[in-house]
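Down below is the structure, laid out as structure tokens.
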Amino acid sequence: MNDILNISTYKFVPLADTLALRDTLSERALALNLKGTILLAEEGINLFLAGPAQAVRNFISQLQTDERFADIDPKESWSASQPFRKMLVKIKGEIIRMNHPAIQPAQGRAPAIDAQTVKRWLDQGHDDLGRPVVTLDTRNTYEVDEGTFAGAIDWRLNKFTEFPDALQAHKSELADKTVISFCTGGIRCEKAAIYMRESGLPHVYQLEGGILKYFEETGGTHYEGGCFVFDERRALAADLRTVGMGPS
């Protein structure tokens, strides 16, 4: 029976109180018997949590009482067992490392495209202006190898910090196309889309909510394989169940 709720969410928002926030969130999570990882940085928050549904939702409800996180909207999936071994709350330089401090999503996001629009564009092979559409996977090689969009551009990244150099090497190939950057939950493709826009590519969008939201809203049309996740489940199928697991 799948009674463990797994959530992932992030938000780019200025945080000047990461030390105090670390202590507060750690105390709350442990009190609710949750496990997972919460990353905090001056640029925002990134979290992955799992536990009994009511406990997970209580944690999010408490988090949303802070106006900085009031609109945070976790993506949900279910598992039969706890996929994390411990509860960690860490302070980092970036919640997703790119090594380009000028890229600050909290000051303005790149345009985002919802899952249904992406599906429609991929169905027809072009955007609403007739421009060819390509999907660009911003994840690491081992994640891409678990599954990706059919025909997605894959620059064989070993880590996200390699993305800027890879873009500069391939930018001319994208100049006349509408580019949809995507990743697991949205955090990497958000930074990637901003970087591409600032590098002179005008028709770049991020997939809102990443692959997991796309699975939830479309059933995974145009996607081949599973989506790698950073816990003991390893990968999720398009129905958001662990790969290889049948109906409960």
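By order in the structure tokens, chains are A, B, ...; within a chain, residues start at 1; ligands start at 1, following the order shown.
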| task | Would you mind listing what lies within 8 Å of segment 118-129 of chain A as a VMD selection string, with only C-alpha atoms counted and same-chain residues fewer than 5 positions away left out? | result | chain A and resid 113 178 207 218 221 to 222
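Secondary structure by DSSP on the backbone puts the following residues of segment 161-226 of chain A in strand (DSSP E or B): Thr178, Val179, Ile180, Ser181, Phe182, Val204, Tyr205, Gln206, Leu207, Tyr223, Glu224 and Gly225 of chain A.
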With all heavy atoms retained, export the selected residues as a short mmCIF file (atom, residue, chain, number, x, y, z; two decimals), in the first residue's frame.
data_model
loop_
_atom_site.label_atom_id
_atom_site.label_comp_id
_atom_site.auth_asym_id
_atom_site.auth_seq_id
_atom_site.Cartn_x
_atom_site.Cartn_y
_atom_site.Cartn_z
N THR A 178 12.50 27.39 -30.98
CA THR A 178 11.92 27.60 -29.65
C THR A 178 12.45 26.49 -28.76
O THR A 178 12.28 25.30 -29.05
CB THR A 178 10.39 27.55 -29.70
OG1 THR A 178 9.92 28.74 -30.35
CG2 THR A 178 9.79 27.49 -28.30
N VAL A 179 13.12 26.87 -27.68
CA VAL A 179 13.79 25.91 -26.81
C VAL A 179 13.01 25.78 -25.50
O VAL A 179 12.74 26.78 -24.83
CB VAL A 179 15.23 26.36 -26.51
CG1 VAL A 179 15.94 25.32 -25.63
CG2 VAL A 179 16.00 26.59 -27.80
N ILE A 180 12.68 24.55 -25.13
CA ILE A 180 12.04 24.28 -23.84
C ILE A 180 13.05 23.56 -22.97
O ILE A 180 13.41 22.41 -23.22
CB ILE A 180 10.78 23.41 -24.01
CG1 ILE A 180 9.77 24.10 -24.92
CG2 ILE A 180 10.17 23.12 -22.63
CD1 ILE A 180 8.61 23.22 -25.32
N SER A 181 13.57 24.25 -21.96
CA SER A 181 14.49 23.62 -21.04
C SER A 181 13.70 22.87 -19.98
O SER A 181 12.65 23.34 -19.51
CB SER A 181 15.42 24.66 -20.39
OG SER A 181 14.70 25.51 -19.53
N PHE A 182 14.19 21.70 -19.59
CA PHE A 182 13.45 20.91 -18.60
C PHE A 182 14.42 20.17 -17.69
O PHE A 182 15.58 19.94 -18.02
CB PHE A 182 12.48 19.93 -19.28
CG PHE A 182 13.14 18.80 -20.02
CD1 PHE A 182 13.37 17.58 -19.40
CD2 PHE A 182 13.53 18.95 -21.35
CE1 PHE A 182 13.97 16.53 -20.08
CE2 PHE A 182 14.13 17.91 -22.04
CZ PHE A 182 14.36 16.69 -21.40
N VAL A 204 13.32 31.08 -25.53
CA VAL A 204 13.60 30.03 -24.55
C VAL A 204 12.56 30.06 -23.45
O VAL A 204 12.19 31.14 -22.95
CB VAL A 204 15.01 30.22 -23.93
CG1 VAL A 204 15.24 29.20 -22.82
CG2 VAL A 204 16.08 30.08 -25.00
N TYR A 205 12.08 28.88 -23.07
CA TYR A 205 11.11 28.74 -22.00
C TYR A 205 11.54 27.60 -21.07
O TYR A 205 12.26 26.70 -21.48
CB TYR A 205 9.72 28.41 -22.56
CG TYR A 205 9.21 29.42 -23.55
CD1 TYR A 205 9.52 29.31 -24.91
CD2 TYR A 205 8.43 30.49 -23.14
CE1 TYR A 205 9.06 30.24 -25.83
CE2 TYR A 205 7.97 31.43 -24.05
CZ TYR A 205 8.29 31.30 -25.40
OH TYR A 205 7.85 32.22 -26.29
N GLN A 206 11.06 27.65 -19.84
CA GLN A 206 11.27 26.54 -18.93
C GLN A 206 9.97 25.76 -18.81
O GLN A 206 8.89 26.34 -18.89
CB GLN A 206 11.70 27.02 -17.55
CG GLN A 206 10.63 27.84 -16.84
CD GLN A 206 11.18 28.54 -15.61
OE1 GLN A 206 11.87 29.56 -15.71
NE2 GLN A 206 10.85 28.01 -14.46
N LEU A 207 10.08 24.46 -18.65
CA LEU A 207 8.90 23.62 -18.43
C LEU A 207 8.44 23.82 -16.99
O LEU A 207 9.14 23.43 -16.05
CB LEU A 207 9.23 22.16 -18.70
CG LEU A 207 8.16 21.14 -18.32
CD1 LEU A 207 6.84 21.43 -19.02
CD2 LEU A 207 8.64 19.72 -18.64
N TYR A 223 7.41 11.39 -23.66
CA TYR A 223 8.54 11.10 -22.76
C TYR A 223 8.81 9.61 -22.82
O TYR A 223 7.88 8.79 -22.81
CB TYR A 223 8.20 11.53 -21.33
CG TYR A 223 9.39 11.55 -20.40
CD1 TYR A 223 10.10 12.73 -20.17
CD2 TYR A 223 9.81 10.40 -19.75
CE1 TYR A 223 11.20 12.75 -19.31
CE2 TYR A 223 10.91 10.40 -18.89
CZ TYR A 223 11.60 11.58 -18.68
OH TYR A 223 12.68 11.59 -17.84
N GLU A 224 10.08 9.24 -22.87
CA GLU A 224 10.47 7.84 -22.95
C GLU A 224 11.26 7.44 -21.71
O GLU A 224 12.24 8.09 -21.37
CB GLU A 224 11.32 7.60 -24.21
CG GLU A 224 10.57 7.90 -25.51
CD GLU A 224 11.43 7.76 -26.75
OE1 GLU A 224 12.67 7.71 -26.60
OE2 GLU A 224 10.87 7.70 -27.85
N GLY A 225 10.84 6.37 -21.03
CA GLY A 225 11.52 5.89 -19.85
C GLY A 225 10.97 6.51 -18.58
O GLY A 225 9.86 7.04 -18.55
#
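Between atom CA of Ala115 of chain A and atom CA of Lys213 of chain A the interatomic distance comes to 7.1 Å.
Computed from the coordinates, the atom CA of Lys35 of chain A to atom CA of Lys86 of chain A distance equals 5.2 Å.
Nearest residue to Glu43 of chain A among A:Glu143, A:Glu198, A:Asp231, A:Asp17 is A:Asp17, counting only C-alpha atoms.
Minimum distance to Lys11 of chain A across A:Glu42, A:Asp165, A:Asp114, A:Glu216 (counting only C-alpha atoms) occurs at A:Glu42.
Here atom CA of Leu40 of chain A is placed at a distance of 24.2 Å from atom CA of Cys227 of chain A.
With only C-alpha atoms as the atoms that count, the residue of A:Leu136, A:Ala80, A:Ala106, A:Ala193 with the shortest distance to Pro52 of chain A is A:Ala80.
When only C-alpha atoms are used to measure the gap to Leu47 of chain A, the shortest distance among A:Gly185, A:Gly226, A:Pro111, A:Gly220 belongs to A:Gly185.
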| message | To test your reading of the structure, identify every residue in segment 4-235 of chain A that backbone DSSP assigns to helix (DSSP H, G or I), and report it as a PyMOL selection string. | response | chain A and resi 18-31+53-63+67-69+105-107+115-124+141-144+160-174+187-198+210-218
Using only C-alpha atoms, the residue out of A:Tyr195, A:Phe215, A:Tyr10, A:Phe59 with shortest distance to Asp71 of chain A is A:Tyr10
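Neighbours of Ala41 of chain A closer than or equal to 7 Å, with only C-alpha atoms counted and sequence neighbours fewer than 4 positions away skipped, come out as A:Leu15, A:Thr18, A:Ile45, A:Ile91, A:Lys92, A:Gly93, A:Glu94, A:Ile95.
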Go ahead and save the residues from that selection, with N, CA and C atoms, as a compact mmCIF listing (two decimals), in the first residue's frame.
# COMPACT_ATOMS: atom_id res chain seq x y z
N LEU A 15 16.71 35.02 1.12
CA LEU A 15 16.65 34.57 2.51
C LEU A 15 17.87 35.11 3.25
N THR A 18 19.13 32.33 6.98
CA THR A 18 19.25 30.89 6.74
C THR A 18 19.61 30.10 7.99
N ILE A 45 15.02 28.22 -1.30
CA ILE A 45 14.84 26.94 -0.62
C ILE A 45 14.56 25.85 -1.65
N ILE A 91 22.69 24.38 4.78
CA ILE A 91 22.89 25.70 4.19
C ILE A 91 23.95 25.60 3.10
N LYS A 92 23.61 26.10 1.91
CA LYS A 92 24.51 26.01 0.76
C LYS A 92 24.75 27.40 0.17
N GLY A 93 25.73 27.49 -0.70
CA GLY A 93 25.96 28.74 -1.41
C GLY A 93 24.87 29.01 -2.44
N GLU A 94 24.36 27.93 -3.05
CA GLU A 94 23.25 28.00 -4.01
C GLU A 94 22.37 26.78 -3.76
N ILE A 95 21.05 26.92 -3.98
CA ILE A 95 20.19 25.74 -3.82
C ILE A 95 20.32 24.82 -5.02
One residue among A:Leu201, A:Leu25, A:Ala110, A:Ile194 is nearest to Asp66 of chain A when using only C-alpha atoms, and that residue is A:Leu25
Residue neighbourhood Arg241 of chain A, 12 Å, only C-alpha atoms, exclusion window fewer than 5 positions, as a list in words: Met1, Asn2, Ile4, Leu5, Asn6, Glu76, Ser77, Trp78, Ser79, Ala80, Leu212, Phe215, Glu216, Gly219, Gly226, Cys227, Phe228, Val229, Arg233, Arg234, Ala235, Leu236, Gly246, Pro247 and Ser248 of chain A
Please produce a file of those selected residues containing N, CA, C and O atoms, as a short mmCIF file (atom, residue, chain, number, x, y, z; two decimals), in the first residue's frame.
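Below you can see selection_37.cif, which holds the result:
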data_model
loop_
_atom_site.label_atom_id
_atom_site.label_comp_id
_atom_site.auth_asym_id
_atom_site.auth_seq_id
_atom_site.Cartn_x
_atom_site.Cartn_y
_atom_site.Cartn_z
N MET A 1 0.85 -1.20 0.00
CA MET A 1 0.00 0.00 0.00
C MET A 1 0.88 1.24 0.00
O MET A 1 1.80 1.37 0.80
N ASN A 2 0.60 2.17 -0.91
CA ASN A 2 1.40 3.38 -1.01
C ASN A 2 0.85 4.46 -0.10
O ASN A 2 0.01 5.27 -0.50
N ILE A 4 3.02 6.47 1.90
CA ILE A 4 4.05 7.47 2.21
C ILE A 4 3.99 8.56 1.14
O ILE A 4 4.14 8.29 -0.06
N LEU A 5 3.74 9.78 1.57
CA LEU A 5 3.68 10.92 0.65
C LEU A 5 5.07 11.51 0.46
O LEU A 5 5.74 11.84 1.43
N ASN A 6 5.47 11.62 -0.80
CA ASN A 6 6.75 12.23 -1.16
C ASN A 6 6.48 13.57 -1.83
O ASN A 6 5.65 13.66 -2.74
N GLU A 76 3.67 16.05 -5.76
CA GLU A 76 3.44 14.89 -4.90
C GLU A 76 3.57 13.58 -5.66
O GLU A 76 3.22 13.49 -6.83
N SER A 77 4.08 12.57 -4.96
CA SER A 77 4.04 11.20 -5.44
C SER A 77 3.98 10.30 -4.20
O SER A 77 4.16 10.77 -3.07
N TRP A 78 3.72 9.01 -4.42
CA TRP A 78 3.48 8.10 -3.29
C TRP A 78 4.40 6.89 -3.38
O TRP A 78 4.80 6.47 -4.46
N SER A 79 4.73 6.33 -2.22
CA SER A 79 5.55 5.12 -2.19
C SER A 79 5.10 4.24 -1.03
O SER A 79 4.41 4.69 -0.10
N ALA A 80 5.47 2.98 -1.11
CA ALA A 80 5.08 2.01 -0.08
C ALA A 80 5.99 2.09 1.14
O ALA A 80 5.62 1.60 2.22
N LEU A 212 8.16 16.05 -13.44
CA LEU A 212 7.16 15.48 -12.53
C LEU A 212 5.79 16.12 -12.72
O LEU A 212 4.77 15.43 -12.71
N PHE A 215 4.42 14.76 -16.02
CA PHE A 215 3.83 13.44 -15.81
C PHE A 215 2.42 13.56 -15.23
O PHE A 215 1.48 12.91 -15.68
N GLU A 216 2.31 14.40 -14.20
CA GLU A 216 1.04 14.54 -13.49
C GLU A 216 -0.06 15.06 -14.42
O GLU A 216 -1.21 14.60 -14.33
N GLY A 219 0.38 12.55 -18.34
CA GLY A 219 0.60 11.11 -18.41
C GLY A 219 1.90 10.72 -19.09
O GLY A 219 2.16 9.54 -19.32
N GLY A 226 11.78 6.47 -17.50
CA GLY A 226 11.37 7.01 -16.22
C GLY A 226 12.08 8.31 -15.91
O GLY A 226 12.94 8.77 -16.66
N CYS A 227 11.70 8.89 -14.79
CA CYS A 227 12.35 10.12 -14.33
C CYS A 227 13.17 9.82 -13.09
O CYS A 227 12.63 9.40 -12.05
N PHE A 228 14.46 10.01 -13.19
CA PHE A 228 15.36 9.78 -12.06
C PHE A 228 15.00 10.70 -10.90
O PHE A 228 14.74 11.89 -11.10
N VAL A 229 14.96 10.14 -9.69
CA VAL A 229 14.74 10.94 -8.48
C VAL A 229 15.84 10.63 -7.48
O VAL A 229 16.39 9.53 -7.47
N ARG A 233 13.97 5.36 -4.31
CA ARG A 233 13.10 4.86 -5.37
C ARG A 233 13.82 4.82 -6.70
O ARG A 233 13.46 4.07 -7.58
N ARG A 234 14.81 5.64 -6.87
CA ARG A 234 15.66 5.80 -8.05
C ARG A 234 14.94 6.45 -9.22
O ARG A 234 15.44 7.43 -9.77
N ALA A 235 13.77 5.94 -9.65
CA ALA A 235 13.09 6.53 -10.80
C ALA A 235 11.59 6.34 -10.69
O ALA A 235 11.11 5.36 -10.13
N LEU A 236 10.85 7.30 -11.25
CA LEU A 236 9.39 7.24 -11.29
C LEU A 236 8.92 7.09 -12.72
O LEU A 236 9.46 7.70 -13.64
N GLY A 246 3.77 -2.20 -9.99
CA GLY A 246 2.43 -2.26 -10.53
C GLY A 246 1.45 -1.53 -9.64
O GLY A 246 1.81 -0.94 -8.61
N PRO A 247 0.15 -1.53 -10.01
CA PRO A 247 -0.88 -0.86 -9.21
C PRO A 247 -0.94 -1.41 -7.80
O PRO A 247 -0.74 -2.60 -7.57
N SER A 248 -1.23 -0.54 -6.83
CA SER A 248 -1.35 -0.98 -5.44
C SER A 248 -2.77 -1.39 -5.15
O SER A 248 -3.69 -1.08 -5.88
#
